[in-house]
>>> print(open('structure.tsv').read())   # TSV, C-alpha atoms
chain	number	residue	atom	x	y	z
J	9	MET	CA	26.15	-14.68	-1.38
J	10	ILE	CA	25.02	-11.22	-0.30
J	11	LYS	CA	26.16	-10.26	3.16
J	12	LYS	CA	23.15	-8.93	5.01
J	13	GLN	CA	23.67	-6.03	7.32
J	14	SER	CA	22.36	-5.80	10.86
J	15	GLU	CA	18.61	-6.23	11.27
J	16	ASN	CA	18.66	-4.20	14.47
J	17	VAL	CA	17.32	-0.66	14.30
J	18	THR	CA	17.94	0.78	17.72
J	19	GLY	CA	15.69	3.15	19.57
J	20	THR	CA	16.78	5.98	21.80
J	21	ASN	CA	15.94	7.05	25.33
J	22	LEU	CA	16.52	10.75	24.53
J	23	LEU	CA	13.82	13.33	25.16
J	24	HIS	CA	11.50	14.13	22.19
J	25	ALA	CA	12.24	10.74	20.59
J	26	LYS	CA	8.89	8.99	21.08
J	27	SER	CA	8.01	9.19	17.39
J	28	HIS	CA	11.36	7.69	16.46
J	29	ASN	CA	10.94	4.89	19.00
J	30	ARG	CA	7.49	4.03	17.64
J	31	ARG	CA	9.04	3.68	14.21
J	32	ALA	CA	11.90	1.57	15.58
J	33	ILE	CA	9.41	-0.87	17.09
J	34	LEU	CA	7.25	-0.99	13.95
J	35	ASP	CA	10.34	-1.53	11.81
J	36	ALA	CA	11.57	-4.37	14.04
J	37	VAL	CA	8.22	-6.14	13.80
J	38	ARG	CA	8.01	-5.43	10.06
J	39	ARG	CA	11.34	-7.16	9.49
J	40	ARG	CA	10.44	-10.21	11.53
J	41	ASP	CA	6.95	-11.26	12.61
J	42	GLY	CA	6.34	-12.84	15.96
J	43	LEU	CA	8.57	-10.71	18.17
J	44	SER	CA	7.84	-10.65	21.88
J	45	ARG	CA	8.29	-7.52	23.99
J	46	ALA	CA	11.55	-8.98	25.26
J	47	ASP	CA	12.71	-9.49	21.66
J	48	ILE	CA	11.79	-5.90	20.79
J	49	THR	CA	13.64	-4.62	23.86
J	50	ARG	CA	16.77	-6.53	22.82
J	51	ILE	CA	16.63	-5.40	19.19
J	52	THR	CA	15.88	-1.72	19.80
J	53	ASN	CA	17.97	-1.23	22.99
J	54	LEU	CA	15.04	0.58	24.55
J	55	SER	CA	14.15	0.09	28.18
J	56	ALA	CA	11.64	-2.65	28.94
J	57	GLN	CA	9.22	-0.06	30.33
J	58	ALA	CA	9.44	2.09	27.20
J	59	VAL	CA	8.78	-0.93	24.99
J	60	SER	CA	5.86	-2.01	27.15
J	61	ASN	CA	4.25	1.44	26.95
J	62	LEU	CA	4.82	1.92	23.23
J	63	VAL	CA	3.69	-1.57	22.26
J	64	ALA	CA	0.49	-1.02	24.25
J	65	GLU	CA	-0.09	2.27	22.42
J	66	LEU	CA	0.57	0.71	19.01
J	67	GLU	CA	-1.73	-2.19	19.81
J	68	GLU	CA	-4.49	0.20	20.92
J	69	ALA	CA	-4.00	2.21	17.72
J	70	GLY	CA	-4.55	-0.95	15.70
J	71	LEU	CA	-1.06	-1.03	14.21
J	72	LEU	CA	0.13	-4.14	16.05
J	73	LEU	CA	-1.66	-7.43	16.66
J	74	ALA	CA	-0.86	-9.65	19.65
J	75	GLY	CA	-0.87	-13.40	19.17
J	76	GLU	CA	-1.66	-16.09	21.70
J	77	PRO	CA	0.93	-16.39	24.51
J	78	VAL	CA	3.75	-18.82	23.72
J	79	ARG	CA	5.19	-20.82	26.60
J	80	GLN	CA	8.93	-20.27	27.05
J	81	LYS	CA	11.52	-22.62	28.53
J	82	ARG	CA	11.74	-20.22	31.46
J	83	GLY	CA	9.57	-17.40	32.74
J	84	GLN	CA	6.10	-16.31	31.79
J	85	PRO	CA	4.54	-17.06	28.38
J	86	ALA	CA	5.30	-14.31	25.85
J	87	ARG	CA	2.92	-12.79	23.30
J	88	PRO	CA	4.25	-12.54	19.74
J	89	TYR	CA	3.45	-9.34	17.87
J	90	ARG	CA	2.95	-8.69	14.18
J	91	LEU	CA	1.83	-5.81	12.02
J	92	ASN	CA	-1.91	-5.49	11.58
J	93	PRO	CA	-2.59	-5.30	7.83
J	94	GLU	CA	-5.94	-3.67	8.63
J	95	GLY	CA	-4.24	-1.03	10.78
J	96	GLY	CA	-3.88	1.39	7.91
J	97	PHE	CA	-3.60	1.80	4.17
J	98	ALA	CA	-1.95	4.16	1.72
J	99	ILE	CA	-2.71	5.30	-1.81
J	100	GLY	CA	-0.09	5.51	-4.51
J	101	PHE	CA	-0.33	7.36	-7.81
J	102	GLN	CA	1.91	7.10	-10.82
J	103	LEU	CA	1.35	10.29	-12.80
J	104	ASN	CA	2.51	11.10	-16.30
J	105	GLY	CA	1.09	13.26	-19.02
J	106	THR	CA	-1.47	10.79	-20.35
J	107	GLU	CA	-2.45	8.45	-17.51
J	108	ILE	CA	-2.97	8.11	-13.78
J	109	ASP	CA	-2.30	4.65	-12.34
J	110	ALA	CA	-3.45	4.17	-8.75
J	111	VAL	CA	-3.07	1.43	-6.16
J	112	LEU	CA	-4.18	1.10	-2.56
J	113	VAL	CA	-2.06	-1.09	-0.27
J	114	ASP	CA	-2.31	-2.16	3.36
J	115	LEU	CA	0.44	-1.96	5.99
J	116	LEU	CA	2.02	-5.17	4.69
J	117	GLY	CA	2.19	-3.78	1.17
J	118	GLU	CA	-0.54	-6.07	-0.10
J	119	GLU	CA	-2.47	-4.52	-2.94
J	120	ARG	CA	-6.17	-4.10	-2.12
J	121	CYS	CA	-7.38	-2.09	-5.09
J	122	ARG	CA	-6.16	-0.51	-8.33
J	123	PHE	CA	-7.42	1.48	-11.28
J	124	SER	CA	-6.22	3.59	-14.21
J	125	GLN	CA	-7.56	6.78	-15.75
J	126	GLN	CA	-6.63	8.40	-19.04
J	127	ILE	CA	-5.73	12.10	-18.89
J	128	LYS	CA	-4.57	14.73	-21.39
J	129	HIS	CA	-1.53	16.59	-20.08
J	130	PRO	CA	-3.34	18.48	-17.29
J	131	ASP	CA	-2.01	21.66	-15.76
J	132	PRO	CA	-1.02	21.20	-12.09
J	133	HIS	CA	-4.28	22.57	-10.63
J	134	GLN	CA	-6.34	20.27	-12.84
J	135	ALA	CA	-4.09	17.37	-11.80
J	136	VAL	CA	-4.70	18.09	-8.10
J	137	ASP	CA	-8.47	17.89	-8.62
J	138	LEU	CA	-8.09	14.67	-10.62
J	139	LEU	CA	-5.90	13.06	-7.97
J	140	VAL	CA	-8.15	14.03	-5.06
J	141	ALA	CA	-11.20	12.66	-6.88
J	142	ALA	CA	-9.29	9.48	-7.72
J	143	SER	CA	-8.27	9.00	-4.08
J	144	HIS	CA	-11.92	9.20	-2.98
J	145	GLU	CA	-12.87	6.76	-5.72
J	146	ILE	CA	-10.28	4.13	-4.89
J	147	ILE	CA	-11.07	4.27	-1.15
J	148	ALA	CA	-14.77	3.79	-1.91
J	149	LYS	CA	-13.97	0.96	-4.31
J	150	SER	CA	-11.82	-0.80	-1.69
J	151	GLY	CA	-14.49	-0.62	1.00
J	152	LEU	CA	-11.91	0.36	3.65
J	153	ASP	CA	-12.42	2.90	6.43
J	154	PRO	CA	-11.31	6.35	5.18
J	155	GLU	CA	-10.11	7.15	8.71
J	156	ARG	CA	-7.40	4.50	8.30
J	157	ASN	CA	-5.78	6.34	5.39
J	158	ILE	CA	-2.14	6.98	6.34
J	159	GLY	CA	-1.54	9.21	3.35
J	160	ILE	CA	-1.02	9.58	-0.38
J	161	GLY	CA	2.16	9.08	-2.39
J	162	ILE	CA	2.75	10.37	-5.91
J	163	ALA	CA	5.46	9.09	-8.23
J	164	MET	CA	6.40	11.19	-11.24
J	165	PRO	CA	9.10	11.28	-13.89
J	166	GLY	CA	12.12	12.80	-12.17
J	167	PRO	CA	13.91	14.70	-11.03
J	168	VAL	CA	11.13	16.31	-9.02
J	169	GLY	CA	11.59	19.79	-7.60
J	170	ILE	CA	14.32	21.12	-9.88
J	171	ALA	CA	12.56	22.44	-12.97
J	172	GLY	CA	9.24	20.78	-12.25
J	173	PRO	CA	8.28	17.18	-13.10
J	174	THR	CA	9.08	16.24	-16.66
J	175	GLY	CA	6.71	14.77	-19.20
J	176	ILE	CA	3.47	16.07	-17.66
J	177	ALA	CA	2.56	19.42	-19.23
J	178	PRO	CA	3.70	23.06	-19.33
J	179	GLY	CA	3.19	25.05	-16.15
J	180	TRP	CA	4.60	22.53	-13.65
J	181	GLU	CA	7.81	24.44	-12.95
J	182	SER	CA	8.13	25.23	-9.24
J	183	PHE	CA	4.60	23.96	-8.50
J	184	ASP	CA	4.39	22.47	-4.98
J	185	LEU	CA	2.19	19.47	-5.71
J	186	ALA	CA	2.50	17.98	-2.22
J	187	SER	CA	1.26	21.14	-0.48
J	188	ALA	CA	-1.58	21.68	-2.94
J	189	MET	CA	-2.70	18.06	-2.57
J	190	ARG	CA	-2.39	18.18	1.21
J	191	LYS	CA	-4.80	21.12	1.44
J	192	LYS	CA	-7.48	19.44	-0.67
J	193	ALA	CA	-7.01	15.80	0.36
J	194	GLY	CA	-6.71	16.50	4.09
J	195	CYS	CA	-4.00	13.90	4.67
J	196	PRO	CA	-0.19	13.63	4.41
J	197	VAL	CA	1.05	13.71	0.81
J	198	PHE	CA	4.52	12.77	-0.42
J	199	VAL	CA	5.96	13.26	-3.91
J	200	GLU	CA	9.01	11.42	-5.27
J	201	ASN	CA	10.47	10.63	-8.64
J	202	ASP	CA	9.43	7.19	-9.85
J	203	ALA	CA	12.82	5.55	-9.30
J	204	ASP	CA	13.09	6.65	-5.65
J	205	ALA	CA	9.49	5.64	-4.98
J	206	ALA	CA	10.04	2.17	-6.43
J	207	ALA	CA	13.29	1.82	-4.43
J	208	ILE	CA	11.43	2.60	-1.21
J	209	SER	CA	8.86	-0.06	-2.08
J	210	GLU	CA	11.64	-2.59	-2.62
J	211	LYS	CA	13.10	-1.64	0.77
J	212	LEU	CA	9.80	-2.09	2.58
J	213	TYR	CA	8.39	-5.16	0.88
J	214	GLY	CA	10.65	-6.52	-1.82
J	215	THR	CA	14.10	-7.69	-2.79
J	216	GLY	CA	15.80	-4.93	-0.79
J	217	ARG	CA	14.03	-5.73	2.46
J	218	ASP	CA	17.16	-7.08	4.17
J	219	LEU	CA	19.61	-4.71	2.46
J	220	ASP	CA	20.78	-1.34	3.79
J	221	ASN	CA	22.90	-0.46	0.74
J	222	PHE	CA	21.51	-1.05	-2.73
J	223	VAL	CA	20.84	0.73	-6.01
J	224	TYR	CA	17.46	0.23	-7.65
J	225	ILE	CA	17.46	0.63	-11.44
J	226	PHE	CA	14.11	1.88	-12.74
J	227	ILE	CA	13.71	1.11	-16.45
J	228	GLY	CA	10.78	3.15	-17.71
J	229	VAL	CA	10.23	5.54	-20.57
J	230	GLY	CA	13.56	6.95	-19.41
J	231	LEU	CA	16.07	5.54	-16.94
J	232	GLY	CA	16.67	6.43	-13.30
J	233	ALA	CA	17.99	4.94	-10.09
J	234	GLY	CA	17.01	5.00	-6.45
J	235	LEU	CA	19.97	5.01	-4.06
J	236	PHE	CA	19.60	3.38	-0.64
J	237	LEU	CA	22.78	3.92	1.35
J	238	ASP	CA	23.16	3.06	5.03
J	239	GLY	CA	19.43	2.44	5.25
J	240	ARG	CA	18.37	5.84	3.88
J	241	ILE	CA	17.19	7.02	0.49
J	242	ILE	CA	19.70	9.50	-0.95
J	243	ARG	CA	18.32	12.48	-2.89
J	244	GLY	CA	21.38	14.70	-3.34
J	245	ALA	CA	21.79	18.47	-3.13
J	246	LYS	CA	19.01	19.23	-5.63
J	247	GLY	CA	17.10	15.96	-5.55
J	248	ALA	CA	18.78	14.61	-8.68
J	249	ALA	CA	20.82	11.78	-7.13
J	250	GLY	CA	20.35	8.64	-9.19
J	251	GLU	CA	19.76	10.35	-12.54
J	252	ILE	CA	21.94	7.75	-14.22
J	253	GLY	CA	20.03	7.98	-17.48
J	254	HIS	CA	22.28	10.86	-18.50
J	255	ILE	CA	25.61	9.20	-17.80
J	256	PRO	CA	27.52	9.46	-21.13
J	257	ILE	CA	28.06	5.87	-22.14
J	258	GLN	CA	28.78	6.11	-25.88
J	259	VAL	CA	31.13	8.64	-27.48
J	260	ASN	CA	29.28	10.49	-30.29
J	261	GLY	CA	26.33	8.23	-29.65
J	262	ARG	CA	22.62	8.76	-30.10
J	263	GLN	CA	21.22	12.24	-29.64
J	264	CYS	CA	19.50	12.68	-26.27
J	265	GLY	CA	16.68	15.05	-25.35
J	266	CYS	CA	18.98	16.65	-22.78
J	267	GLY	CA	21.07	18.05	-25.64
J	268	ARG	CA	24.02	15.68	-25.28
J	269	LYS	CA	24.92	12.51	-27.15
J	270	GLY	CA	25.38	8.94	-26.01
J	271	CYS	CA	23.39	9.10	-22.74
J	272	LEU	CA	22.67	5.75	-21.09
J	273	GLU	CA	18.88	6.04	-21.31
J	274	ARG	CA	19.17	6.29	-25.11
J	275	TYR	CA	20.17	2.62	-24.97
J	276	VAL	CA	18.46	1.40	-21.77
J	277	SER	CA	14.80	2.46	-21.62
J	278	LEU	CA	11.43	1.61	-23.09
J	279	LEU	CA	11.88	4.27	-25.76
J	280	ALA	CA	15.25	2.77	-26.70
J	281	LEU	CA	13.58	-0.63	-26.96
J	282	TYR	CA	10.81	0.75	-29.18
J	283	GLU	CA	13.41	2.18	-31.55
J	284	GLU	CA	14.39	-1.36	-32.52
J	285	PHE	CA	11.01	-1.78	-34.24
J	286	ASP	CA	9.86	-0.39	-37.59
J	287	ALA	CA	7.89	2.86	-37.60
J	288	GLY	CA	4.43	1.27	-37.58
J	289	HIS	CA	5.10	-1.07	-34.68
J	290	ARG	CA	7.00	1.68	-32.85
J	291	ASP	CA	4.00	4.02	-32.87
J	292	ASP	CA	1.73	1.26	-31.59
J	293	LEU	CA	4.11	0.56	-28.71
J	294	VAL	CA	4.61	4.22	-27.80
J	295	HIS	CA	0.85	4.82	-27.56
J	296	ASP	CA	0.12	1.63	-25.60
J	297	ALA	CA	0.13	3.00	-22.05
J	298	THR	CA	-0.79	-0.40	-20.56
J	299	LEU	CA	2.22	-2.08	-22.26
J	300	THR	CA	-0.11	-4.88	-23.40
J	301	ARG	CA	1.59	-5.20	-26.79
J	302	LEU	CA	5.07	-5.32	-25.29
J	303	SER	CA	3.99	-7.85	-22.66
J	304	ALA	CA	2.79	-10.18	-25.40
J	305	MET	CA	6.25	-10.29	-26.97
J	306	SER	CA	8.95	-12.84	-26.34
J	307	PRO	CA	12.50	-11.93	-25.28
J	308	ASP	CA	13.58	-13.92	-28.34
J	309	ASP	CA	11.75	-11.70	-30.80
J	310	ILE	CA	14.51	-10.19	-32.94
J	311	PRO	CA	14.02	-6.48	-32.00
J	312	VAL	CA	13.66	-7.33	-28.31
J	313	ARG	CA	16.73	-9.59	-28.29
J	314	LYS	CA	18.77	-6.93	-30.10
J	315	TRP	CA	17.82	-4.38	-27.44
J	316	ILE	CA	18.55	-6.80	-24.58
J	317	ASP	CA	22.04	-7.53	-25.87
J	318	GLN	CA	22.86	-3.83	-26.27
J	319	ALA	CA	21.26	-2.74	-22.98
J	320	ALA	CA	23.00	-5.50	-21.01
J	321	LEU	CA	26.39	-4.46	-22.36
J	322	HIS	CA	25.91	-0.83	-21.27
J	323	LEU	CA	24.42	-1.83	-17.91
J	324	THR	CA	27.36	-4.07	-17.14
J	325	THR	CA	29.71	-1.12	-17.59
J	326	THR	CA	27.40	1.09	-15.51
J	327	PHE	CA	27.33	-1.45	-12.70
J	328	GLN	CA	31.12	-1.45	-12.56
J	329	ILE	CA	30.99	2.32	-12.07
J	330	ILE	CA	28.28	2.00	-9.40
J	331	SER	CA	30.24	-0.68	-7.58
J	332	SER	CA	33.40	1.42	-7.47
J	333	MET	CA	31.64	4.66	-6.50
J	334	LEU	CA	29.02	3.49	-3.99
J	335	ASN	CA	30.03	-0.02	-2.91
J	336	PRO	CA	26.42	-1.24	-2.50
J	337	GLN	CA	25.45	-4.75	-1.46
J	338	ALA	CA	23.50	-5.24	-4.69
J	339	VAL	CA	21.85	-3.67	-7.71
J	340	ILE	CA	18.15	-4.38	-8.21
J	341	LEU	CA	16.66	-4.29	-11.71
J	342	GLY	CA	13.02	-3.23	-11.98
J	343	GLY	CA	10.65	-0.73	-13.51
J	344	LEU	CA	8.03	-1.02	-16.22
J	345	LEU	CA	9.52	-3.82	-18.32
J	346	PRO	CA	7.36	-6.95	-18.64
J	347	GLU	CA	8.62	-9.69	-16.36
J	348	ALA	CA	9.86	-12.02	-19.12
J	349	ILE	CA	11.91	-9.29	-20.80
J	350	LEU	CA	13.33	-8.09	-17.48
J	351	TYR	CA	14.36	-11.64	-16.60
J	352	ALA	CA	16.08	-12.10	-19.98
J	353	LEU	CA	17.92	-8.80	-19.48
J	354	TRP	CA	19.05	-9.94	-16.02
J	355	GLN	CA	20.29	-13.25	-17.48
J	356	GLU	CA	22.39	-11.45	-20.10
J	357	VAL	CA	23.87	-9.01	-17.56
J	358	THR	CA	24.79	-11.96	-15.33
J	359	ARG	CA	26.39	-13.79	-18.25
J	360	LEU	CA	28.48	-10.76	-19.21
J	361	GLN	CA	29.65	-10.27	-15.65
J	362	GLU	CA	30.76	-13.88	-15.36
J	363	ALA	CA	32.59	-13.63	-18.70
J	364	ASP	CA	34.46	-10.53	-17.55
J	365	GLY	CA	35.91	-12.25	-14.49
J	366	PRO	CA	36.56	-10.68	-11.06
J	367	THR	CA	36.84	-6.91	-10.71
J	368	PRO	CA	39.75	-5.09	-8.99
J	369	THR	CA	37.46	-4.50	-5.98
J	370	GLY	CA	36.64	-8.19	-5.58
J	371	ASP	CA	33.61	-10.24	-6.56
J	372	HIS	CA	31.02	-8.99	-9.00
J	373	LEU	CA	28.29	-6.74	-7.72
J	374	PRO	CA	25.21	-8.96	-7.24
J	375	VAL	CA	22.38	-8.07	-9.62
J	376	LEU	CA	18.90	-8.99	-8.40
J	377	ILE	CA	15.41	-8.81	-9.91
J	378	GLY	CA	12.86	-6.49	-8.34
J	379	ASP	CA	9.29	-5.50	-9.07
J	380	ALA	CA	8.41	-5.30	-12.74
J	381	SER	CA	4.98	-4.15	-13.92
J	382	THR	CA	3.13	-1.13	-15.22
J	383	TYR	CA	2.13	-0.44	-11.60
J	384	SER	CA	5.59	-0.67	-10.02
J	385	ALA	CA	5.95	3.10	-9.59
J	386	ALA	CA	2.39	3.39	-8.24
J	387	ARG	CA	3.13	0.69	-5.66
J	388	GLY	CA	6.31	2.57	-4.83
J	389	ALA	CA	4.30	5.75	-4.36
J	390	ALA	CA	1.94	3.94	-1.98
J	391	ALA	CA	4.97	2.89	0.05
J	392	LEU	CA	5.97	6.54	0.67
J	393	PRO	CA	3.46	7.32	3.48
J	394	ILE	CA	4.05	3.92	5.08
J	395	TYR	CA	7.81	4.47	4.92
J	396	GLN	CA	7.41	7.80	6.71
J	397	GLU	CA	5.22	6.17	9.34
J	398	MET	CA	7.30	3.06	9.98
J	399	ILE	CA	10.97	3.59	9.18
J	400	PRO	CA	13.15	5.28	11.85
J	401	ASP	CA	15.36	8.14	10.68
J	402	PHE	CA	18.01	9.40	13.06
J	403	GLN	CA	18.57	12.50	10.94
J	404	ASN	CA	14.99	13.67	11.44
J	405	MET	CA	15.13	12.87	15.15
J	406	LEU	CA	18.30	14.91	15.67
J	407	LYS	CA	17.12	18.06	13.88
J	408	VAL	CA	17.32	21.14	16.11
J	409	ARG	CA	13.98	22.01	17.67
J	410	ASP	CA	13.01	25.53	18.69
>>> encode(input="structure.tsv", output="structure tokens")
Amino acid sequence: MIKKQSENVTGTNLLHAKSHNRRAILDAVRRRDGLSRADITRITNLSAQAVSNLVAELEEAGLLLAGEPVRQKRGQPARPYRLNPEGGFAIGFQLNGTEIDAVLVDLLGEERCRFSQQIKHPDPHQAVDLLVAASHEIIAKSGLDPERNIGIGIAMPGPVGIAGPTGIAPGWESFDLASAMRKKAGCPVFVENDADAAAISEKLYGTGRDLDNFVYIFIGVGLGAGLFLDGRIIRGAKGAAGEIGHIPIQVNGRQCGCGRKGCLERYVSLLALYEEFDAGHRDDLVHDATLTRLSAMSPDDIPVRKWIDQAALHLTTTFQIISSMLNPQAVILGGLLPEAILYALWQEVTRLQEADGPTPTGDHLPVLIGDASTYSAARGAAALPIYQEMIPDFQNMLKVRD
């Protein structure tokens, strides 16, 4: 059993905190539909008058929907509130050197539209033009009101913002993609590495919805992790928190592109999986951006099973380290793996944990299954603007204002 932490995200009656309080109310309703104003007041610790005013504003803005009054045992009938899925939408892009995957989601995280476009390692300025054109195209394709666009999220191979995104093309070092996009798209733009973006999506809509402390493992071409601690995504001093792919896991192991040997992602990643196949099949898999060939395979195919057994062994060790260092409520496995292969990997990790017995810190760290598809990072990117709009952050509220 996973112990859930408090569902209450409190508001504040401090000056300059209206934006935070709006988010606190939206987050309360997001977590549990059908809250009355009295329920919201109790959960957020705001005054009844503040809740009344803010709920009215959010309803007028189209973000909240009021249901029919429900008769109570005592007092006046109360209206239940829920998020309005039509109140806004966000666009998410997963960008690598050869393809743009795009999704458009509503406020509830429901996918309304998607498309993919092949590219050829564009320079950053070319990529901005491609992304802006793609955002116009997907909005038109969805038929939604462009005025309801909350913003654009972009997920890229990380870490972002240190030496430029990796795996795109030369010339990305120090390029401020968010600012360049913002100027041309005319809306808020957020850029994250793919693991953090997918973790935020899990927090908003998925397996991590009721968890404040979890680690999301993103298995893609490489390997990364999104860290949610005390309800906040953790990026680290240089934005590289969660780069677990380069944890040394095997002494004198396989050569890694980082220059070291035995890094975790050399055993747990799509590229590591492809290495279990002969050269001909390996090339086919590497060049299949849609992962159609891999999705058609069974977890019991010999190369796939060999990779699962090896990856599960290294992940089990990694999870022991994560449990001791971060003490999360759970680890969530996700990324680009086809669902059947991800499930088989989860089964093997679970089996190994049970065979090892209890750890010195207590029970085993729960391992859960998250989103798994070629669009998982794009859906995570689409969650970025919604996360900024709906999730309260005390750190931002308390920043010194001139």
>>> residues_near_point(input="structure.tsv", point="(8.1, 6.5, -22.3)", cutoff="7 Å", atoms="only C-alpha atoms", output="list in words")
Gly228, Val229, Gly230, Leu278, Leu279 and Val294 of chain J
>>> closest_residue(input="structure.tsv", among="J:Leu219, J:Pro336, J:Arg90, J:Ala249", to="Arg40 (chain J)", atoms="all atoms listed in the file")
J:Arg90
>>> closest_residue(input="structure.tsv", among="J:Leu185, J:Leu323, J:Ile316, J:Ala207", to="Asp131 (chain J)", atoms="all atoms listed in the file")
J:Leu185
>>> residues_near_point(input="structure.tsv", point="(-2.1, 10.3, 2.7)", cutoff="12 Å", atoms="only C-alpha atoms", output="VMD selection string")
chain J and resid 96 to 101 112 to 113 139 to 140 143 to 144 147 154 to 162 186 to 187 189 to 199 389 to 397
>>> closest_residue(input="structure.tsv", among="J:Pro400, J:Ser124, J:Ala86, J:Phe183", to="Ala46 (chain J)", atoms="only C-alpha atoms")
J:Ala86
>>> closest_residue(input="structure.tsv", among="J:Tyr89, J:Val339, J:Pro77, J:Ile252", to="Ile33 (chain J)", atoms="all atoms listed in the file")
J:Tyr89
>>> decode(input="structure.tsv", residues="region 101-120 of chain J", atoms="N, CA and C atoms", output="compact mmCIF listing (two decimals), in the first residue's frame")
# COMPACT_ATOMS: atom_id res chain seq x y z
N PHE J 101 4.91 19.52 -27.81
CA PHE J 101 5.79 19.02 -28.86
C PHE J 101 6.89 18.16 -28.25
N GLN J 102 7.14 17.04 -28.89
CA GLN J 102 8.33 16.26 -28.59
C GLN J 102 9.27 16.43 -29.78
N LEU J 103 10.42 17.03 -29.53
CA LEU J 103 11.33 17.40 -30.62
C LEU J 103 12.63 16.63 -30.50
N ASN J 104 13.00 15.96 -31.59
CA ASN J 104 14.34 15.39 -31.67
C ASN J 104 14.91 15.75 -33.03
N GLY J 105 15.97 15.15 -33.42
CA GLY J 105 16.62 15.57 -34.65
C GLY J 105 15.90 15.19 -35.92
N THR J 106 15.02 14.21 -35.86
CA THR J 106 14.41 13.69 -37.09
C THR J 106 12.89 13.77 -37.12
N GLU J 107 12.26 14.17 -36.03
CA GLU J 107 10.79 14.14 -36.02
C GLU J 107 10.23 15.11 -34.99
N ILE J 108 9.07 15.67 -35.32
CA ILE J 108 8.28 16.44 -34.38
C ILE J 108 6.99 15.66 -34.13
N ASP J 109 6.73 15.30 -32.89
CA ASP J 109 5.44 14.72 -32.50
C ASP J 109 4.68 15.78 -31.75
N ALA J 110 3.41 15.97 -32.07
CA ALA J 110 2.61 17.03 -31.45
C ALA J 110 1.27 16.47 -30.98
N VAL J 111 0.83 16.95 -29.81
CA VAL J 111 -0.50 16.63 -29.31
C VAL J 111 -1.14 17.91 -28.78
N LEU J 112 -2.45 17.94 -28.82
CA LEU J 112 -3.22 19.04 -28.24
C LEU J 112 -4.16 18.42 -27.21
N VAL J 113 -4.12 18.92 -25.98
CA VAL J 113 -4.94 18.36 -24.90
C VAL J 113 -5.79 19.45 -24.28
N ASP J 114 -6.93 19.04 -23.69
CA ASP J 114 -7.77 20.00 -22.99
C ASP J 114 -7.34 20.09 -21.53
N LEU J 115 -8.11 20.84 -20.73
CA LEU J 115 -7.73 21.06 -19.33
C LEU J 115 -7.71 19.78 -18.51
N LEU J 116 -8.44 18.77 -18.94
CA LEU J 116 -8.46 17.50 -18.21
C LEU J 116 -7.38 16.55 -18.71
N GLY J 117 -6.57 17.02 -19.65
CA GLY J 117 -5.51 16.17 -20.18
C GLY J 117 -5.96 15.22 -21.26
N GLU J 118 -7.21 15.36 -21.71
CA GLU J 118 -7.71 14.50 -22.77
C GLU J 118 -7.15 14.95 -24.11
N GLU J 119 -6.63 14.01 -24.85
CA GLU J 119 -6.03 14.32 -26.14
C GLU J 119 -7.12 14.63 -27.16
N ARG J 120 -7.01 15.77 -27.82
CA ARG J 120 -7.99 16.18 -28.83
C ARG J 120 -7.46 16.04 -30.25
